[in-house]
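To start, the structure under review is shown below, and the notes come after it.
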Amino acid sequence: ALAAKAKLSLEKGIAYMHSLAIEGGYVYHYSLDGKEKWGEGKTDDRTVEVQPPGTPAVGMSFLKAYQVTSDEYYLGVALEAAEALRQGQLKSGGWPQMIDFGSAVDRRSGDYRFREGGSRNVSSLDDDQTQAALSFLMQLDQELDFENEKVHECVEFGLNALLKAQFPNGGFPQVWREPVQEWEIMKASYPDYDWRTERRVKNYWDYYTLNDGLAGTVSRTLQLAHEIYGEEQYLEALKRLGDFLILAQMPEPQPAWCQQYNEMMHPMWARKFEPPAIVGHESQDVMATLIRIYEYTKDERYLKPIPAALKYFEEECLLEDGRSLARFYEMKTNRPLYMDQQYQLTYDDANPPSHYGWKQSSKTQRIRQQYERAIQGDHEKSEPSQASIRRETERILKSLNADGFWISKGDGKKLTGQPNFQGDFYFISSRTFNRNISTLCEFLKLN
């Protein structure tokens with residue numbers, strides 16, 4: 001009986017979300033009447049988001065539903081999401097944050113491959129944009145036995161462009177327009193100039209970056225490409241990314257990683273609130289990524305940077321609460337760095353700008369457990385129990401309203417996209433939709 005209800009809720013939830021589609025694509029949040037829309041800010045009826053939880057993530061929810069039910073309707077709406085992404089693929093091969101289906105003269109419009117657009121030809125690896133698009137399209141391509149020519153060609157073009165965006169040392173830029181420059185391969189080091197004032201570069205996005213979990217999302221994309229297509233070029237690119245992460249580890253006394261590096265492999269400025277510094281958030285992503293690359297390649301070189309980094313963060317970096325890391329640590333002194341309201345560097349965390357995560361939860365204990373399991377050869381992933389999936393399914397079924405959507409309530413916290421919805425604001429969330437559909441599919445697999 002519960003499985004029957006889950007199938008019905010799956011159908012209702014997906015049908016309602018599909019009713020919100022714009023040319024097959026989706027944004028982050030919707031008002032309850034579906035008339036107002038938000039991506040990275042309020043958006044319009046001609047724009048969809050590539051960055052999760054937008055179009056690729058929603059398309060993946062549709063694909064999961066098809067895989068567990070074999071219902072052709074779900075495959076059809078997944079194909080519509082794929083076509084939205086295909087129409088948004090840039091001539092440089094990847095995707096921007098958003099796809100504009102409006103006027104070609106709009107400044108946001110991309111230089112698209114398959115239709116008239118604007119002049120923006122900037123493919124982005126920021127915030128899992130191109131990675132998410134490729135990952136969804138690759139899995140759809142596989143589900144279709146590689147016989148859908150449009151999907152397959154779109155994937156092939158995108159993966160080839162991604163390989164061309166990899167630097168010789170294995171790193172990636174935040175964005176690309178064309179194949180990247182070929183700089184000398186060298187190890188990361190501390191700058192011998194005044195990093196506070198010197199060597200600021202406007203186009204920081206063209207240099208080596210690890211910002212916002214790029215190492216993890218790109219590595220998963222390359223691994224998925226190798227698993228699906230079996231071509232060695234994707235495995236080699238994955239290994240080269242791991243090689244870059246080894247090179248990018250800073251020397252003692254701070255054997256961790258930085259958000260951005262210049263061509264000399266010195267930490268560099270990005271945005272005005274992102275100074276050259278040792279970083280907590282991205283370093284944790286790098287360690288988790290190195291463990292995954294080791295598990296996939298069995299090459300022990302990728303585990304060697306981790307013990308020193310874990311020791312450093314556990315013994316030198318935990319903040320007073322014992323559970324958090326600063327986003328930035330000053331090079332050599334290791335003092336936590338912040339910005340004041342005028343975006344001036346400070347050691348005081350009393351009043352930083354509120355739009356940025358200046359402190360991050362420490363995941364070092366979890367990473368240490370992953371590391372120890374890896375060296376012991378235990379690659380089993382912890383999965384939620386059947387009982388917990390059932391309980392969550394029951395909650396999801398109860399919270400689906402009569403119209404076929406789940407209502408989210410603002411809590412004042414920063415969400416993906418703007419604004420920060422306050423407690424009296426109710427809305428429809430693509431993230432909630434994706435999470436609930438995933439759980440329903442997991443439940444139906446077991447029943």
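Each chain of the structure tokens is named A, B, ... in the order shown, its residues numbered from 1; ligands are numbered from 1 in display order.
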
DSSP on the backbone, then: every residue of segment 65-306 of chain A marked helix (DSSP H, G or I), written as a PyMOL selection string. chain A and resi 65-69+72-88+126-143+149-164+204-206+211-229+232-247+280-297+300-303+306

With segment 155-160 of chain A as the partner and 9 Å as the cut-off, tabulate the residues of segment 194-304 of chain A that qualify, each row holding the nearest pair of atoms and their distance in Å to one decimal, using only C-alpha atoms, sorted by chain and rising number, as JSON lines.
```
{"residue": "A:Leu222", "atom": "CA", "partner": "A:Leu159", "partner_atom": "CA", "distance": 8.6}
{"residue": "A:Ala225", "atom": "CA", "partner": "A:Leu159", "partner_atom": "CA", "distance": 8.1}
{"residue": "A:Tyr234", "atom": "CA", "partner": "A:Leu159", "partner_atom": "CA", "distance": 8.7}
```

Per residue of segment 101-206 of chain A within 10 Å of segment 214-221 of chain A, what are the shortest atom pair and its distance in Å to one decimal, counting only C-alpha atoms, with rows by chain and residue number, as CSV?
```
residue,atom,partner,partner_atom,distance
A:Leu125,CA,A:Leu214,CA,6.9
A:Asp126,CA,A:Leu214,CA,6.8
A:Asp127,CA,A:Leu214,CA,7.2
A:Asp128,CA,A:Thr217,CA,6.1
A:Gln129,CA,A:Thr217,CA,9.3
A:Thr130,CA,A:Val218,CA,9.0
A:Gln131,CA,A:Thr221,CA,5.9
A:Ala132,CA,A:Thr221,CA,7.9
A:Ala133,CA,A:Thr221,CA,9.7
A:Leu134,CA,A:Thr221,CA,7.3
A:Ser135,CA,A:Thr221,CA,6.0
A:Phe136,CA,A:Thr221,CA,9.7
A:Met138,CA,A:Thr221,CA,9.2
A:Leu159,CA,A:Thr221,CA,9.3
A:Leu162,CA,A:Val218,CA,9.3
A:Gly171,CA,A:Ala215,CA,8.7
A:Phe172,CA,A:Leu214,CA,8.5
A:Pro173,CA,A:Leu214,CA,9.3
A:Gln174,CA,A:Leu214,CA,8.1
```

Expected file: the selected residues, C-alpha atoms, as a tab-separated table (two decimals), in the first residue's frame:
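Just written: result-v3.tsv:
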```
chain	number	residue	atom	x	y	z
A	125	LEU	CA	33.11	25.08	-13.65
A	126	ASP	CA	31.96	27.28	-10.77
A	127	ASP	CA	29.40	25.78	-8.39
A	128	ASP	CA	29.06	22.49	-10.33
A	129	GLN	CA	27.58	24.12	-13.45
A	130	THR	CA	29.15	22.38	-16.45
A	131	GLN	CA	29.85	19.31	-14.30
A	132	ALA	CA	26.19	18.83	-13.35
A	133	ALA	CA	25.04	19.28	-16.95
A	134	LEU	CA	27.51	16.71	-18.24
A	135	SER	CA	26.79	14.23	-15.46
A	136	PHE	CA	23.05	14.23	-16.13
A	138	MET	CA	26.01	11.21	-19.66
A	159	LEU	CA	33.69	16.26	-22.58
A	162	LEU	CA	36.45	19.89	-20.63
A	171	GLY	CA	44.43	21.82	-12.63
A	172	PHE	CA	41.39	23.61	-14.00
A	173	PRO	CA	40.35	27.25	-14.25
A	174	GLN	CA	37.05	28.53	-12.94
```

Go through segment 191-310 of chain A residue by residue and, counting only C-alpha atoms, keep those with an atom at most 9 Å from segment 363-371 of chain A; for each kept residue give the shortest atom pair and its distance in Å to one decimal, ordered by chain and increasing number, as a tab-separated table.
```
residue	atom	partner	partner_atom	distance
A:Gln284	CA	A:Lys363	CA	6.9
A:Met287	CA	A:Ile367	CA	7.3
A:Ala288	CA	A:Ile367	CA	6.4
A:Ile291	CA	A:Tyr371	CA	6.4
A:Leu303	CA	A:Tyr371	CA	7.8
A:Ile306	CA	A:Tyr371	CA	7.9
A:Pro307	CA	A:Arg368	CA	8.4
A:Leu310	CA	A:Thr364	CA	6.5
```

Kindly export the residues of the current selection with all heavy atoms, as a compact mmCIF listing (two decimals), in the first residue's frame.
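Resulting contents of part-v8.txt:
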```
# COMPACT_ATOMS: atom_id res chain seq x y z
N GLN A 284 39.23 20.59 2.73
CA GLN A 284 38.47 19.39 3.07
C GLN A 284 37.94 18.70 1.82
O GLN A 284 37.96 17.47 1.72
CB GLN A 284 37.33 19.75 4.03
CG GLN A 284 37.84 20.22 5.38
CD GLN A 284 36.72 20.49 6.37
OE1 GLN A 284 36.61 19.80 7.39
NE2 GLN A 284 35.89 21.48 6.10
N MET A 287 40.89 16.81 0.22
CA MET A 287 41.24 15.55 0.88
C MET A 287 40.25 14.45 0.52
O MET A 287 40.64 13.31 0.21
CB MET A 287 41.30 15.76 2.39
CG MET A 287 42.53 16.53 2.84
SD MET A 287 42.71 16.59 4.66
CE MET A 287 41.55 17.88 5.07
N ALA A 288 38.95 14.78 0.55
CA ALA A 288 37.94 13.79 0.18
C ALA A 288 38.11 13.36 -1.28
O ALA A 288 37.93 12.19 -1.62
CB ALA A 288 36.54 14.36 0.42
N ILE A 291 41.03 10.91 -1.70
CA ILE A 291 40.66 9.57 -1.26
C ILE A 291 39.86 8.85 -2.35
O ILE A 291 40.10 7.68 -2.65
CB ILE A 291 39.86 9.64 0.05
CG1 ILE A 291 40.76 10.13 1.19
CG2 ILE A 291 39.27 8.27 0.40
CD1 ILE A 291 40.01 10.47 2.47
N LEU A 303 47.11 9.29 -1.56
CA LEU A 303 46.85 9.32 -0.12
C LEU A 303 47.94 10.03 0.67
O LEU A 303 47.71 10.44 1.82
CB LEU A 303 46.69 7.89 0.42
CG LEU A 303 45.46 7.10 -0.04
CD1 LEU A 303 45.47 5.72 0.62
CD2 LEU A 303 44.17 7.83 0.30
N ILE A 306 47.51 13.41 2.76
CA ILE A 306 46.39 13.56 3.69
C ILE A 306 46.80 13.55 5.17
O ILE A 306 46.30 14.38 5.95
CB ILE A 306 45.33 12.49 3.40
CG1 ILE A 306 44.74 12.76 2.01
CG2 ILE A 306 44.22 12.49 4.45
CD1 ILE A 306 43.78 11.72 1.52
N PRO A 307 47.68 12.66 5.64
CA PRO A 307 47.99 12.66 7.08
C PRO A 307 48.49 14.00 7.61
O PRO A 307 48.03 14.47 8.65
CB PRO A 307 49.06 11.57 7.20
CG PRO A 307 48.77 10.64 6.07
CD PRO A 307 48.32 11.52 4.95
N LEU A 310 45.51 16.52 7.70
CA LEU A 310 44.59 16.26 8.80
C LEU A 310 45.18 16.69 10.14
O LEU A 310 44.50 17.32 10.96
CB LEU A 310 44.23 14.77 8.84
CG LEU A 310 43.20 14.28 7.82
CD1 LEU A 310 43.09 12.76 7.88
CD2 LEU A 310 41.84 14.92 8.06
```

In Å, with one decimal, what is the gap from atom CA of Pro384 of chain A to atom CA of Phe433 of chain A?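 Going from atom CA of Pro384 of chain A over to atom CA of Phe433 of chain A, I get 19.0 Å.
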
The residue from A:Glu392, A:Gln360, A:Trp195, A:Ile437 with the smallest atom-to-atom distance to Gly322 of chain A, counting only C-alpha atoms, is A:Gln360

Ranking A:Leu241, A:Ile246, A:Met264, A:Ala374 by minimum distance to Arg292 of chain A and counting only C-alpha atoms, which one comes first? A:Ala374

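Going from atom CA of Leu163 of chain A to atom CA of Met265 of chain A covers 20.7 Å.
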
What's around segment 336-353 of chain A at 9 Å? Count only C-alpha atoms, leave out sequence neighbours fewer than 3 positions away in its own chain, and write the answer as a JSON list (two decimals) with N, CA and C atoms, in the first residue's frame.
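Contents of result_14.json, freshly written:
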```
[["chain", "number", "residue", "atom", "x", "y", "z"],
["A", 196, "ARG", "N", 49.34, 41.21, 0.13],
["A", 196, "ARG", "CA", 48.20, 42.08, 0.44],
["A", 196, "ARG", "C", 47.97, 43.12, -0.65],
["A", 272, "LYS", "N", 37.17, 40.38, -4.09],
["A", 272, "LYS", "CA", 37.73, 41.29, -3.10],
["A", 272, "LYS", "C", 37.65, 40.75, -1.69],
["A", 273, "PHE", "N", 36.79, 39.76, -1.46],
["A", 273, "PHE", "CA", 36.68, 39.17, -0.13],
["A", 273, "PHE", "C", 37.31, 37.77, -0.09],
["A", 275, "PRO", "N", 41.01, 36.52, -0.16],
["A", 275, "PRO", "CA", 42.45, 36.80, -0.21],
["A", 275, "PRO", "C", 43.28, 35.55, -0.43],
["A", 277, "ALA", "N", 45.27, 32.78, 0.76],
["A", 277, "ALA", "CA", 45.27, 32.23, 2.12],
["A", 277, "ALA", "C", 45.13, 30.72, 2.06],
["A", 317, "CYS", "N", 44.04, 24.38, 13.65],
["A", 317, "CYS", "CA", 43.05, 25.24, 12.97],
["A", 317, "CYS", "C", 41.66, 25.28, 13.57],
["A", 319, "LEU", "N", 38.55, 26.26, 15.56],
["A", 319, "LEU", "CA", 38.21, 27.49, 16.26],
["A", 319, "LEU", "C", 37.77, 27.18, 17.68],
["A", 325, "LEU", "N", 36.02, 25.46, 11.32],
["A", 325, "LEU", "CA", 37.24, 25.96, 10.71],
["A", 325, "LEU", "C", 36.95, 27.32, 10.10],
["A", 326, "ALA", "N", 37.96, 28.18, 10.09],
["A", 326, "ALA", "CA", 37.83, 29.45, 9.37],
["A", 326, "ALA", "C", 37.90, 29.17, 7.87],
["A", 327, "ARG", "N", 37.27, 30.02, 7.10],
["A", 327, "ARG", "CA", 37.39, 29.89, 5.64],
["A", 327, "ARG", "C", 38.82, 30.21, 5.22],
["A", 328, "PHE", "N", 39.44, 31.20, 5.86],
["A", 328, "PHE", "CA", 40.79, 31.64, 5.48],
["A", 328, "PHE", "C", 41.72, 31.68, 6.69],
["A", 329, "TYR", "N", 42.96, 31.22, 6.47],
["A", 329, "TYR", "CA", 44.02, 31.32, 7.46],
["A", 329, "TYR", "C", 45.19, 32.06, 6.82],
["A", 330, "GLU", "N", 45.71, 33.04, 7.51],
["A", 330, "GLU", "CA", 46.82, 33.84, 6.98],
["A", 330, "GLU", "C", 48.04, 32.95, 6.73],
["A", 333, "THR", "N", 51.46, 32.76, 9.44],
["A", 333, "THR", "CA", 51.07, 33.02, 10.83],
["A", 333, "THR", "C", 49.93, 32.10, 11.27],
["A", 356, "TYR", "N", 28.76, 35.72, 2.91],
["A", 356, "TYR", "CA", 29.83, 34.76, 2.65],
["A", 356, "TYR", "C", 30.01, 33.88, 3.87],
["A", 358, "TRP", "N", 32.18, 32.64, 6.31],
["A", 358, "TRP", "CA", 33.52, 32.89, 6.87],
["A", 358, "TRP", "C", 33.99, 31.76, 7.77]]
```

Residue nearest Ser429 of chain A among A:Gly410, A:Pro267, A:Gly88, A:Gly24 (counting only C-alpha atoms):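 Under the stated criterion, the closest residue is A:Gly410.
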
Using the chain letters and numbers from this document, which residues of segment 181-409 of chain A does DSSP assign to strand (DSSP E or B), as number ranges by chain? A: 208-209, 258, 260-261, 267, 278-279, 324-326, 328-329, 336-339, 345-346, 359-361, 400, 406, 408-409

Output for the residues just chosen: C-alpha atoms as a PDB file, in the first residue's frame:
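Wrote it out as again-v1.pdb, contents follow:
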```
ATOM      1  CA  TYR A 208      44.110  27.471 -11.229  1.00  0.00           C
ATOM      2  CA  THR A 209      41.155  27.253  -8.843  1.00  0.00           C
ATOM      3  CA  CYS A 258      44.385  27.418  -1.195  1.00  0.00           C
ATOM      4  CA  GLN A 260      43.232  30.113  -6.041  1.00  0.00           C
ATOM      5  CA  TYR A 261      46.769  29.896  -7.492  1.00  0.00           C
ATOM      6  CA  PRO A 267      48.156  31.665  -3.634  1.00  0.00           C
ATOM      7  CA  ILE A 278      45.088  28.676   3.367  1.00  0.00           C
ATOM      8  CA  VAL A 279      41.454  27.584   3.204  1.00  0.00           C
ATOM      9  CA  SER A 324      34.488  24.867  13.052  1.00  0.00           C
ATOM     10  CA  LEU A 325      37.244  25.961  10.710  1.00  0.00           C
ATOM     11  CA  ALA A 326      37.829  29.450   9.368  1.00  0.00           C
ATOM     12  CA  PHE A 328      40.788  31.637   5.479  1.00  0.00           C
ATOM     13  CA  TYR A 329      44.019  31.324   7.464  1.00  0.00           C
ATOM     14  CA  PRO A 336      42.118  33.246  10.911  1.00  0.00           C
ATOM     15  CA  LEU A 337      41.391  36.000   8.389  1.00  0.00           C
ATOM     16  CA  TYR A 338      38.115  37.855   7.937  1.00  0.00           C
ATOM     17  CA  MET A 339      36.816  40.999   6.266  1.00  0.00           C
ATOM     18  CA  LEU A 345      41.266  42.434   6.024  1.00  0.00           C
ATOM     19  CA  THR A 346      40.933  41.865   9.748  1.00  0.00           C
ATOM     20  CA  LYS A 359      33.389  29.783   9.049  1.00  0.00           C
ATOM     21  CA  GLN A 360      32.788  26.194   7.967  1.00  0.00           C
ATOM     22  CA  SER A 361      31.954  23.008   9.829  1.00  0.00           C
ATOM     23  CA  LEU A 400       2.822  16.569  -0.454  1.00  0.00           C
ATOM     24  CA  TRP A 406       5.986  20.328  -1.359  1.00  0.00           C
ATOM     25  CA  SER A 408       9.176  25.064   1.896  1.00  0.00           C
ATOM     26  CA  LYS A 409       9.276  27.777   4.548  1.00  0.00           C
TER      27      LYS A 409
END
```

Can you tell me, as number ranges by chain, what residues are no more than 12 Å from Val58 of chain A when counting only C-alpha atoms, ignoring any on the same chain fewer than 5 positions away? A: 13-14, 17-18, 20-21, 24-28, 48-53, 63-65, 74, 77-82, 84-85, 132-133, 136-137, 429-438

Spatial neighbours of Ala3 of chain A, 9 Å, only C-alpha atoms, chain gap at least 5 places, as a list in words: Leu8, Leu440, Phe443, Leu444 and Asn447 of chain A
